[in-house]
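Structure first, commentary second.
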2 protein chains.
Amino acid sequence: MDKMQEDVRRRAGGRAERPTQRDPERTRASILAAATKEFAENGIGGARVDAIAERAGTNKRMLYHYFGDKEQLYLAVLEEAYVGIRTAEKSVNLSDLEPEQGIAELAMFTWRYFLEHPEFLSLLGTENLHRARWLRQSTRLKELHSHFIGKLSDLLDRGKAKGLFRADIDPLNVYLTIAALGYFYVSNQYTLSTIFGRDLMEEANVEAWERHIVHVTLASIRR
Amino acid sequence: MDKMQEDVRRRAGGRAERPTQRDPERTRASILAAATKEFAENGIGGARVDAIAERAGTNKRMLYHYFGDKEQLYLAVLEEAYVGIRTAEKSVNLSDLEPEQGIAELAMFTWRYFLEHPEFLSLLGTENLHRARWLRQSTRLKELHSHFIGKLSDLLDRGKAKGLFRADIDPLNVYLTIAALGYFYVSNQYTLSTIFGRDLMEEANVEAWERHIVHVTLASIRR
DNA sequence: TCACAAAGTAACCGTTTAGTTACTGGCTTG
DNA sequence: CAAGCCAGTAACTAAACGGTTACTTTGTGA
């Protein structure tokens with residue numbers, strides 16, 4: 001096959017329709033997805049390299065080919081997870097909203113993201129178990145800060161100017177409050193549901209907790 | 001040595017001063033303490049049976065002698081940790097306090113317990129990673145409920161009667177709020193400190209967060 | 001078209017791991 | 001005081017594990 005034909009096929013079919021058997025990007029991506037599940041379900045010590053390869057529908061050799069070793073693969077998983085939430089956070093626009101509405105939106109976004117990405121919370125838990133060993137190593141991750149502190153800061157300033165919020169409110173505290181209420185509820189759902197005999201993930205309970213987070217956050221910052 | 005002498009020595013010296021080399025209770029306890037550290041630091045998949053034996057200053061054989069296998073040892077550790085917090089909770093008496101003071105005390109107690117027992121939080125994290133597999137297995141643990149929900153319920157009722165608190169407040173929600181704010185701050189301190197460039201465990205920050213928990217809790221339940 | 005690089009496979013390897021066996025030494029009790 | 005049980009040790013084992021080697025297949029550009 002010559003160059004021209006190749007180019008035509010690429011342009012016409014695009015990545016998805018290309019019938020090739022060998023596809024480095026797809027293989028890499030499926031290893032990363034499989035590793036995300038495996039690390040989130042079992043932690044770093046419980047995750048099995050063979051299990052990741054099998055879940056990815058590929059060979060263990062490929063895993064070492066693309067990622068080096070188990071720890072570097074874990075780091076890639078962690079980085080991807082952080083990039084995911086930071087990217088999603090960027091798309092949230094609160095500048096047109098009234099301060100209270102803005103805070104409520106920010107809280108609901110965080111809550112819903114946690115609900116829909118329990119694997120991210122699990123990876124956070126694993127990373128903290130190891131005292132942020134990989135996070136601290138990664139310059140890429142350290143440069144990837146949240147946009148939410150800035151957005152919150154703006155909302156709080158606008159609320160303070162209007163006399164709605166107390167003047168001494170710290171944006172980081174507000175963010176930690178929202179994150180704490182969401183994180184704990186989702187990540188500790190299993191022990192909590194068992195001990196209190198109430199399924200925390202029932203739709204009505206989930207919706208009630210969302211309202212609760214918003215209520216608590218606003219009640220704590222109002223004058 | 002005859003019986004009388006033995007009895008005398010027991011009565012005189014007590015357990016601590018007894019110079020015996022063989023001491024089943026001490027060995028069992030030191031294995032349990034070592035296992036608590038090992039499981040809290042490494043999770044269940046990362047914990048090493050050999051490391052536990054070494055930390056306990058004993059032999060791996062003893063570990064299997066007293067606890068059966070790694071999983072049963074983990075369960076014993078988890079049970080002891082829960083018994084620890086439940087016992088401590090029992091000693092908190094709030095019935096003489098005004099409703100607001102009582103809630104504040106309960107929140108501060110929980111916060112300080114979490115601060116002083118990070119290994120308990122770590123075990124909770126591990127247990128939730130495994131979807132409460134061992135907690136659900138253990139009838140002993142399922143019968144060991146917190147006294148705090150009852151105490152909170154009383155405080156809230158008294159506060160409601162005085163017109164201080166809203167009538168629709170659910171004690172479980174209040175408890176979850178307090179626990180969430182404490183748990184997240186302590187257990188996620190490493191990623192949070194790294195990302196926000198602020199040492200959350202600095203004394204001033206710790207004290208500020210304690211005040212914050214009390215403030216948030218009360219603000220969210222007041223009329 | 002052919003040589004070379006990269007993608008992919010499978011069998012293999014040395015180490016670590018949970019768990020066991022075979023044994024020794026000390027405590028208690030009839 | 002002897003018999004037997006229980007605490008304790010050390011060396012061992014089989015399986016699981018992370019990682020590698022040796023090799024084949026596929027795509028590409030000179």
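Lettering and numbering for the structure tokens are positional, with chains as A, B, ... in the shown order, residues counted from 1 in each chain, and ligands counted from 1 in the shown order.
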
Could the residues of chain A within 12 Å of chain C, counting only C-alpha atoms (C1' of nucleotides), be given as a PDB file with C-alpha atoms, in the first residue's frame, please?
ATOM      1  CA  MET A   1       0.000   0.000   0.000  1.00  0.00           C
ATOM      2  CA  THR A  20      -6.216  -2.096  12.138  1.00  0.00           C
ATOM      3  CA  GLN A  21      -5.385  -4.752  14.691  1.00  0.00           C
ATOM      4  CA  ARG A  22      -2.490  -2.823  16.161  1.00  0.00           C
ATOM      5  CA  ASP A  23      -3.384   0.428  17.851  1.00  0.00           C
ATOM      6  CA  PRO A  24      -0.945   1.781  20.433  1.00  0.00           C
ATOM      7  CA  GLU A  25      -3.237   4.550  21.671  1.00  0.00           C
ATOM      8  CA  ARG A  26      -6.185   2.263  22.157  1.00  0.00           C
ATOM      9  CA  THR A  27      -4.038  -0.312  23.969  1.00  0.00           C
ATOM     10  CA  ARG A  28      -2.532   2.339  26.225  1.00  0.00           C
ATOM     11  CA  GLY A  57      -7.666  -7.487  27.166  1.00  0.00           C
ATOM     12  CA  THR A  58      -3.956  -7.332  26.545  1.00  0.00           C
ATOM     13  CA  ASN A  59      -0.676  -8.740  27.676  1.00  0.00           C
ATOM     14  CA  LYS A  60       1.323  -7.942  30.792  1.00  0.00           C
ATOM     15  CA  ARG A  61       4.295  -7.112  28.615  1.00  0.00           C
ATOM     16  CA  MET A  62       2.395  -4.173  27.080  1.00  0.00           C
ATOM     17  CA  LEU A  63       1.762  -2.717  30.480  1.00  0.00           C
ATOM     18  CA  HIS A  65       6.059  -1.366  27.597  1.00  0.00           C
ATOM     19  CA  TYR A  66       3.820   1.672  27.986  1.00  0.00           C
TER      20      TYR A  66
END

Q. Quick one: which residues from chain D are at most 12 Å off chain B, using only C-alpha atoms (C1' of nucleotides), as a list in words?
A. DC1, DC6, DA7, DG8, DT9, DA10 and DA11 of chain D

Q: Just the helix (DSSP H, G or I) stuff from range 158-192 of chain B, please, per backbone DSSP, written as number ranges by chain.
A: B: 158-161, 171-187, 189-192

**Q.** chain A contacts on chain B, only C-alpha atoms, 8 Å, as a ChimeraX atom specification
**A.** /B:40-47,122,124-125,127-132,135-136,142,145,176-177,180-181,183-185,187-191,194-196,215-217,219-220

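In this model, the gap between CA of Asp96 in chain A and CA of Phe165 in chain A comes to 18.0 Å.
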
(Q) Which residues are close to Glu38 in chain B, i.e. within 10 Å by only C-alpha atoms (C1' of nucleotides), leaving aside same-chain residues fewer than 6 positions away? Reply as a PyMOL selection string. (A) chain B and resi 32+44+46-49+51-52+55+74+119

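The spacing separating CA of Glu105 in chain B from CA of Leu155 in chain B amounts to 11.2 Å.
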